Amino acid sequence: MSTGEADGAAALLRTTAAVRDRATGLLHRARAGDSAWFVVDDDSTSTAVAEVATVTRERYPQLEIPFHSRWRHFEAGGVDRTAELDALLSAQDSSGRARAMVDLVVVSVLLDAGAGPDWHYEEAASGQRFDRSEGLGVASWHAFADGVFSSDPDDPLRVDAEGLLALTPARLAEAFQIAPDNPLVGVDGRVALLHRLGRALSAQPETFGVLGRPGGLVDRLLPRPGSATVAAHDILSELLGTLSRIWLADNAIGGRPLGDCWHHGAVTGPGLTDGWMPFHKLSQWLTYSLLEPFGWAGAQVSGLDALTALPEYRNGGLLLDTGVLRLRDPDWLAASWAVGDELVVEWRALTVALLDELAPRVRAELGVDATRMPLACVLEGGTWAAGRALAHRLRGGLPPLVVLSDGTVF
């Protein structure tokens, strides 16, 4: 294959258009009865819509719904940690605060993979105990505030390449209160991911500056803070273009890393992209989580619905638990699956396509339009919360399928 062919294939697979088109193709195929793994029961969609609408009204009675992002986890327990961070950064200008907030959210999102059922974080200041995503969010917030990711003790409120490369599993374990009786899933994988991030940051000073800070994205995408407009997909494209080398998955075309992109025999596409189903879940979760910092820096963020629903086990679990999706063999619920298994790839793809269909029905049920409730708010209101509520109701919080992950996909 030529260099140009490999570059073109990687570029195509790094678009949300490719995610949507291929996911929709797998949904059409499943509806036609041709999936080896799933049956789609459209009559059950009304059940899923009702679950999402009910949870949304409970969480946001005035339907003033924020974006689905890491910042919601920083608000866990009713503590306004965003305001606390802003106070800590009060000596910096708006661009400096935005850089620090981007620094924080990048490492926090990269650390936000399934924690497992046995881990928790105890916050001394509030006296509260948090687990799962909220716990990871609060733990990473405190780690950032304590300078765990900075190489300069005199400038703790930053993330830089040297600080990331110096991070050890023991240091992360200390910051996240990990112990034999408080185990966190995938510690070594999380540290390896942050080491890869450090190397990627240091290798691209044109984007991340001489220190290798994730916050360099602010200067890259907003050359004139306070007056710029940035498209959500441009943020995603910048992340995929600069950070694709960090993912632990070895998926690649001609040496171009693809990250969260997996083989499925029924997926079709041009040239070297044939057979590949892209998702970029963590990169899209990061993009959703960067919308607010860019807004706080004075930018107008456009094109929110260019991003897709996040194909993870809460959104996907909502569809299985409401019967919109059924496994052809119920015994598969008791099996353990790898992220690259075709069943998991298809489950994630169907999640993306079906939530695109679910979103307008949820809006209609709630009496709001897409301007007031873009997909980022449907997810927050929303599908993720409803999936979690169903999981707690049915299985004590466990997902419906057991997926063995390295800590960077689920």
# chains A, B, ... in the order shown; residues from 1 in each chain; ligands from 1

call {"tool": "residues_around", "arguments": {"residues": "Thr82 in chain A", "least_positions_apart": "6", "cutoff": "10 Å", "atoms": "only C-alpha atoms", "output": "PyMOL selection string"}}
result
chain A and resi 71-72+74-75+88+101+141

call {"tool": "write_last_selection", "arguments": {"atoms": "all heavy atoms", "output": "short mmCIF file (atom, residue, chain, number, x, y, z; two decimals), in the first residue's frame"}}
result
data_model
loop_
_atom_site.label_atom_id
_atom_site.label_comp_id
_atom_site.auth_asym_id
_atom_site.auth_seq_id
_atom_site.Cartn_x
_atom_site.Cartn_y
_atom_site.Cartn_z
N TRP A 71 -17.13 17.26 33.43
CA TRP A 71 -17.40 18.28 34.44
C TRP A 71 -18.57 17.91 35.34
O TRP A 71 -18.65 18.36 36.48
CB TRP A 71 -17.62 19.64 33.76
CG TRP A 71 -16.37 20.06 33.05
CD1 TRP A 71 -16.05 19.84 31.73
CD2 TRP A 71 -15.23 20.69 33.63
NE1 TRP A 71 -14.78 20.30 31.47
CE2 TRP A 71 -14.26 20.83 32.61
CE3 TRP A 71 -14.94 21.16 34.92
CZ2 TRP A 71 -13.02 21.42 32.84
CZ3 TRP A 71 -13.70 21.74 35.15
CH2 TRP A 71 -12.76 21.87 34.12
N ARG A 72 -19.47 17.08 34.86
CA ARG A 72 -20.57 16.64 35.73
C ARG A 72 -20.02 15.78 36.88
O ARG A 72 -20.53 15.83 37.99
CB ARG A 72 -21.59 15.82 34.92
CG ARG A 72 -22.14 16.51 33.66
CD ARG A 72 -23.02 17.68 33.97
NE ARG A 72 -22.31 18.88 34.36
CZ ARG A 72 -21.66 19.68 33.50
NH1 ARG A 72 -21.58 19.38 32.21
NH2 ARG A 72 -21.06 20.78 33.93
N PHE A 74 -17.10 16.15 38.19
CA PHE A 74 -16.43 17.05 39.13
C PHE A 74 -17.43 17.71 40.07
O PHE A 74 -17.04 18.35 41.05
CB PHE A 74 -15.65 18.13 38.37
CG PHE A 74 -14.51 17.62 37.53
CD1 PHE A 74 -14.15 18.27 36.36
CD2 PHE A 74 -13.80 16.49 37.91
CE1 PHE A 74 -13.10 17.81 35.58
CE2 PHE A 74 -12.75 16.02 37.13
CZ PHE A 74 -12.39 16.67 35.96
N GLU A 75 -18.72 17.60 39.77
CA GLU A 75 -19.77 18.15 40.63
C GLU A 75 -20.35 17.11 41.58
O GLU A 75 -21.33 17.39 42.29
CB GLU A 75 -20.89 18.72 39.75
CG GLU A 75 -20.44 19.85 38.82
CD GLU A 75 -21.41 20.10 37.68
OE1 GLU A 75 -22.42 19.35 37.58
OE2 GLU A 75 -21.17 21.01 36.88
N LEU A 88 -8.62 28.69 42.49
CA LEU A 88 -7.20 28.37 42.55
C LEU A 88 -6.43 29.00 41.39
O LEU A 88 -5.24 29.29 41.49
CB LEU A 88 -7.01 26.85 42.53
CG LEU A 88 -7.48 26.07 43.76
CD1 LEU A 88 -7.41 24.57 43.51
CD2 LEU A 88 -6.64 26.45 44.98
N MET A 101 -7.65 24.05 32.65
CA MET A 101 -8.85 23.23 32.66
C MET A 101 -8.80 22.15 31.57
O MET A 101 -9.27 21.03 31.78
CB MET A 101 -10.08 24.11 32.51
CG MET A 101 -10.36 24.93 33.76
SD MET A 101 -11.78 26.01 33.62
CE MET A 101 -11.93 26.62 35.31
N TRP A 141 -9.40 14.95 39.99
CA TRP A 141 -9.43 16.38 40.30
C TRP A 141 -8.43 16.70 41.42
O TRP A 141 -7.63 17.63 41.33
CB TRP A 141 -10.84 16.80 40.72
CG TRP A 141 -11.06 18.28 40.85
CD1 TRP A 141 -11.57 19.12 39.92
CD2 TRP A 141 -10.76 19.10 42.00
NE1 TRP A 141 -11.60 20.41 40.40
CE2 TRP A 141 -11.11 20.43 41.67
CE3 TRP A 141 -10.23 18.84 43.26
CZ2 TRP A 141 -10.96 21.49 42.56
CZ3 TRP A 141 -10.06 19.89 44.15
CH2 TRP A 141 -10.42 21.19 43.80
#

call {"tool": "residues_around", "arguments": {"residues": "Pro399 in chain A", "least_positions_apart": "5", "cutoff": "7 Å", "atoms": "only C-alpha atoms", "output": "list in words"}}
result
Tyr313, Gly317 and Ala391 of chain A

call {"tool": "select_by_dssp", "arguments": {"residues": "range 25-228 of chain A", "states": "alpha helix (DSSP H)", "output": "CSV table (one decimal) with C-alpha atoms, in the first residue's frame"}}
result
chain,number,residue,atom,x,y,z
A,25,GLY,CA,-25.3,0.0,8.0
A,26,LEU,CA,-25.0,-2.6,10.7
A,27,LEU,CA,-28.4,-1.5,12.1
A,28,HIS,CA,-30.1,-2.0,8.8
A,29,ARG,CA,-28.5,-5.4,8.5
A,30,ALA,CA,-29.6,-6.4,12.0
A,31,ARG,CA,-33.2,-5.2,11.3
A,45,THR,CA,-38.1,1.6,21.7
A,46,SER,CA,-41.0,3.2,23.5
A,47,THR,CA,-39.9,1.5,26.7
A,48,ALA,CA,-36.4,3.0,26.3
A,49,VAL,CA,-37.7,6.4,25.5
A,50,ALA,CA,-39.9,6.3,28.7
A,51,GLU,CA,-37.0,5.3,30.8
A,52,VAL,CA,-34.8,8.1,29.5
A,53,ALA,CA,-37.5,10.7,29.8
A,54,THR,CA,-38.4,9.7,33.3
A,55,VAL,CA,-34.7,9.8,34.5
A,56,THR,CA,-34.2,13.1,32.7
A,57,ARG,CA,-37.2,14.7,34.4
A,58,GLU,CA,-36.0,13.4,37.8
A,59,ARG,CA,-32.4,14.7,37.3
A,70,ARG,CA,-16.4,15.0,32.7
A,71,TRP,CA,-17.4,18.3,34.4
A,72,ARG,CA,-20.6,16.6,35.7
A,73,HIS,CA,-18.4,14.2,37.6
A,81,ARG,CA,-15.2,21.8,42.3
A,82,THR,CA,-15.2,23.8,39.1
A,83,ALA,CA,-15.6,27.0,41.1
A,84,GLU,CA,-12.9,25.8,43.5
A,85,LEU,CA,-10.6,25.3,40.6
A,86,ASP,CA,-11.4,28.7,39.2
A,87,ALA,CA,-10.5,30.2,42.5
A,88,LEU,CA,-7.2,28.4,42.5
A,94,SER,CA,-8.8,33.5,30.8
A,95,SER,CA,-6.4,31.7,28.4
A,96,GLY,CA,-4.3,30.5,31.3
A,97,ARG,CA,-7.4,29.2,33.1
A,98,ALA,CA,-8.6,27.5,30.0
A,99,ARG,CA,-5.2,25.8,29.4
A,100,ALA,CA,-5.3,24.5,33.0
A,101,MET,CA,-8.9,23.2,32.7
A,102,VAL,CA,-8.0,21.5,29.4
A,103,ASP,CA,-5.0,19.9,31.1
A,104,LEU,CA,-7.2,18.6,33.9
A,105,VAL,CA,-10.0,17.3,31.7
A,106,VAL,CA,-7.6,15.5,29.3
A,107,VAL,CA,-5.9,13.4,32.1
A,108,SER,CA,-9.2,12.9,33.9
A,109,VAL,CA,-11.0,11.5,30.8
A,110,LEU,CA,-8.0,9.3,30.0
A,132,ARG,CA,-17.1,4.4,39.6
A,133,SER,CA,-17.0,7.4,37.3
A,134,GLU,CA,-17.7,10.0,40.0
A,135,GLY,CA,-15.0,8.5,42.1
A,136,LEU,CA,-12.5,8.6,39.3
A,137,GLY,CA,-13.5,12.2,38.5
A,138,VAL,CA,-13.1,13.4,42.1
A,139,ALA,CA,-9.8,11.4,42.5
A,140,SER,CA,-8.3,12.9,39.3
A,141,TRP,CA,-9.4,16.4,40.3
A,142,HIS,CA,-7.6,16.1,43.6
A,143,ALA,CA,-4.5,14.5,41.9
A,144,PHE,CA,-4.4,17.5,39.5
A,145,ALA,CA,-4.8,20.0,42.3
A,161,ALA,CA,5.0,15.7,29.4
A,162,GLU,CA,7.8,15.4,32.0
A,163,GLY,CA,5.3,15.0,34.8
A,164,LEU,CA,3.3,12.4,32.9
A,165,LEU,CA,6.4,10.4,32.0
A,169,PRO,CA,1.7,3.0,39.3
A,170,ALA,CA,2.6,3.5,42.9
A,171,ARG,CA,2.1,7.2,42.7
A,172,LEU,CA,-1.2,6.8,41.0
A,173,ALA,CA,-2.2,4.2,43.5
A,174,GLU,CA,-1.4,6.6,46.3
A,175,ALA,CA,-3.4,9.4,44.7
A,187,VAL,CA,-3.9,0.5,36.9
A,188,ASP,CA,-0.9,-0.4,34.8
A,189,GLY,CA,-2.9,0.2,31.6
A,190,ARG,CA,-3.9,3.7,32.8
A,191,VAL,CA,-0.3,4.6,33.7
A,192,ALA,CA,0.9,3.3,30.3
A,193,LEU,CA,-1.7,5.4,28.6
A,194,LEU,CA,-0.5,8.5,30.4
A,195,HIS,CA,3.1,7.7,29.5
A,196,ARG,CA,2.1,7.4,25.9
A,197,LEU,CA,0.3,10.8,26.2
A,198,GLY,CA,3.5,12.3,27.7
A,199,ARG,CA,5.5,11.1,24.7
A,200,ALA,CA,3.0,12.3,22.2
A,201,LEU,CA,2.9,15.8,23.9
A,202,SER,CA,6.6,16.2,23.9
A,205,PRO,CA,5.6,21.2,20.4
A,206,GLU,CA,3.9,23.0,17.5
A,207,THR,CA,0.6,22.0,19.2
A,208,PHE,CA,1.4,21.4,22.8
A,216,GLY,CA,-1.8,23.8,24.1
A,217,LEU,CA,-5.0,22.9,22.3
A,218,VAL,CA,-6.4,26.2,23.4
A,219,ASP,CA,-3.7,28.2,21.5
A,220,ARG,CA,-3.9,25.8,18.6
A,221,LEU,CA,-7.6,26.1,18.0

call {"tool": "closest_residue", "arguments": {"among": "A:Asp152, A:Glu238, A:Asp118, A:Glu123", "to": "Asp181 in chain A", "atoms": "only C-alpha atoms"}}
result
A:Asp118

call {"tool": "decode", "arguments": {"residues": "range 201-212 of chain A", "atoms": "all heavy atoms", "output": "short mmCIF file (atom, residue, chain, number, x, y, z; two decimals), in the first residue's frame"}}
result
data_model
loop_
_atom_site.label_atom_id
_atom_site.label_comp_id
_atom_site.auth_asym_id
_atom_site.auth_seq_id
_atom_site.Cartn_x
_atom_site.Cartn_y
_atom_site.Cartn_z
N LEU A 201 2.82 14.33 23.61
CA LEU A 201 2.85 15.77 23.87
C LEU A 201 4.24 16.34 23.61
O LEU A 201 4.38 17.40 22.99
CB LEU A 201 2.44 16.05 25.31
CG LEU A 201 1.01 15.68 25.72
CD1 LEU A 201 0.82 15.88 27.22
CD2 LEU A 201 -0.03 16.49 24.95
N SER A 202 5.26 15.64 24.08
CA SER A 202 6.63 16.16 23.93
C SER A 202 7.08 16.12 22.47
O SER A 202 7.94 16.92 22.07
CB SER A 202 7.60 15.37 24.81
OG SER A 202 7.67 14.01 24.40
N ALA A 203 6.51 15.23 21.68
CA ALA A 203 6.91 15.09 20.28
C ALA A 203 6.24 16.11 19.36
O ALA A 203 6.62 16.21 18.19
CB ALA A 203 6.59 13.68 19.78
N GLN A 204 5.28 16.88 19.89
CA GLN A 204 4.54 17.81 19.04
C GLN A 204 4.47 19.20 19.67
O GLN A 204 3.40 19.71 20.02
CB GLN A 204 3.13 17.27 18.80
CG GLN A 204 3.12 15.91 18.10
CD GLN A 204 1.73 15.30 18.04
OE1 GLN A 204 0.99 15.51 17.07
NE2 GLN A 204 1.38 14.54 19.05
N PRO A 205 5.63 19.86 19.79
CA PRO A 205 5.65 21.19 20.42
C PRO A 205 4.87 22.23 19.63
O PRO A 205 4.44 23.24 20.20
CB PRO A 205 7.14 21.53 20.48
CG PRO A 205 7.78 20.69 19.42
CD PRO A 205 6.98 19.42 19.40
N GLU A 206 4.69 22.00 18.33
CA GLU A 206 3.92 22.96 17.53
C GLU A 206 2.47 23.05 17.99
O GLU A 206 1.79 24.07 17.77
CB GLU A 206 3.99 22.59 16.04
CG GLU A 206 3.26 21.33 15.64
CD GLU A 206 4.00 20.02 15.95
OE1 GLU A 206 5.12 20.10 16.52
OE2 GLU A 206 3.48 18.95 15.62
N THR A 207 1.97 21.98 18.61
CA THR A 207 0.60 21.98 19.16
C THR A 207 0.60 22.16 20.67
O THR A 207 -0.21 22.92 21.20
CB THR A 207 -0.11 20.66 18.80
OG1 THR A 207 -0.23 20.56 17.38
CG2 THR A 207 -1.51 20.61 19.43
N PHE A 208 1.48 21.47 21.36
CA PHE A 208 1.41 21.39 22.82
C PHE A 208 2.47 22.22 23.54
O PHE A 208 2.55 22.17 24.77
CB PHE A 208 1.47 19.93 23.26
CG PHE A 208 0.36 19.09 22.68
CD1 PHE A 208 0.61 18.13 21.69
CD2 PHE A 208 -0.95 19.29 23.09
CE1 PHE A 208 -0.42 17.37 21.15
CE2 PHE A 208 -1.99 18.53 22.55
CZ PHE A 208 -1.72 17.58 21.57
N GLY A 209 3.26 22.99 22.79
CA GLY A 209 4.23 23.88 23.41
C GLY A 209 5.48 23.16 23.89
O GLY A 209 5.56 21.93 23.86
N VAL A 210 6.45 23.92 24.36
CA VAL A 210 7.73 23.34 24.75
C VAL A 210 7.60 22.45 25.99
O VAL A 210 8.38 21.52 26.18
CB VAL A 210 8.78 24.45 25.00
CG1 VAL A 210 9.10 25.17 23.71
CG2 VAL A 210 8.31 25.43 26.07
N LEU A 211 6.59 22.73 26.83
CA LEU A 211 6.39 21.90 28.02
C LEU A 211 5.59 20.64 27.73
O LEU A 211 5.58 19.72 28.55
CB LEU A 211 5.68 22.71 29.11
CG LEU A 211 6.45 23.88 29.71
CD1 LEU A 211 5.56 24.64 30.70
CD2 LEU A 211 7.71 23.38 30.42
N GLY A 212 4.94 20.61 26.57
CA GLY A 212 4.09 19.45 26.26
C GLY A 212 2.85 19.43 27.13
O GLY A 212 2.61 18.46 27.86
#
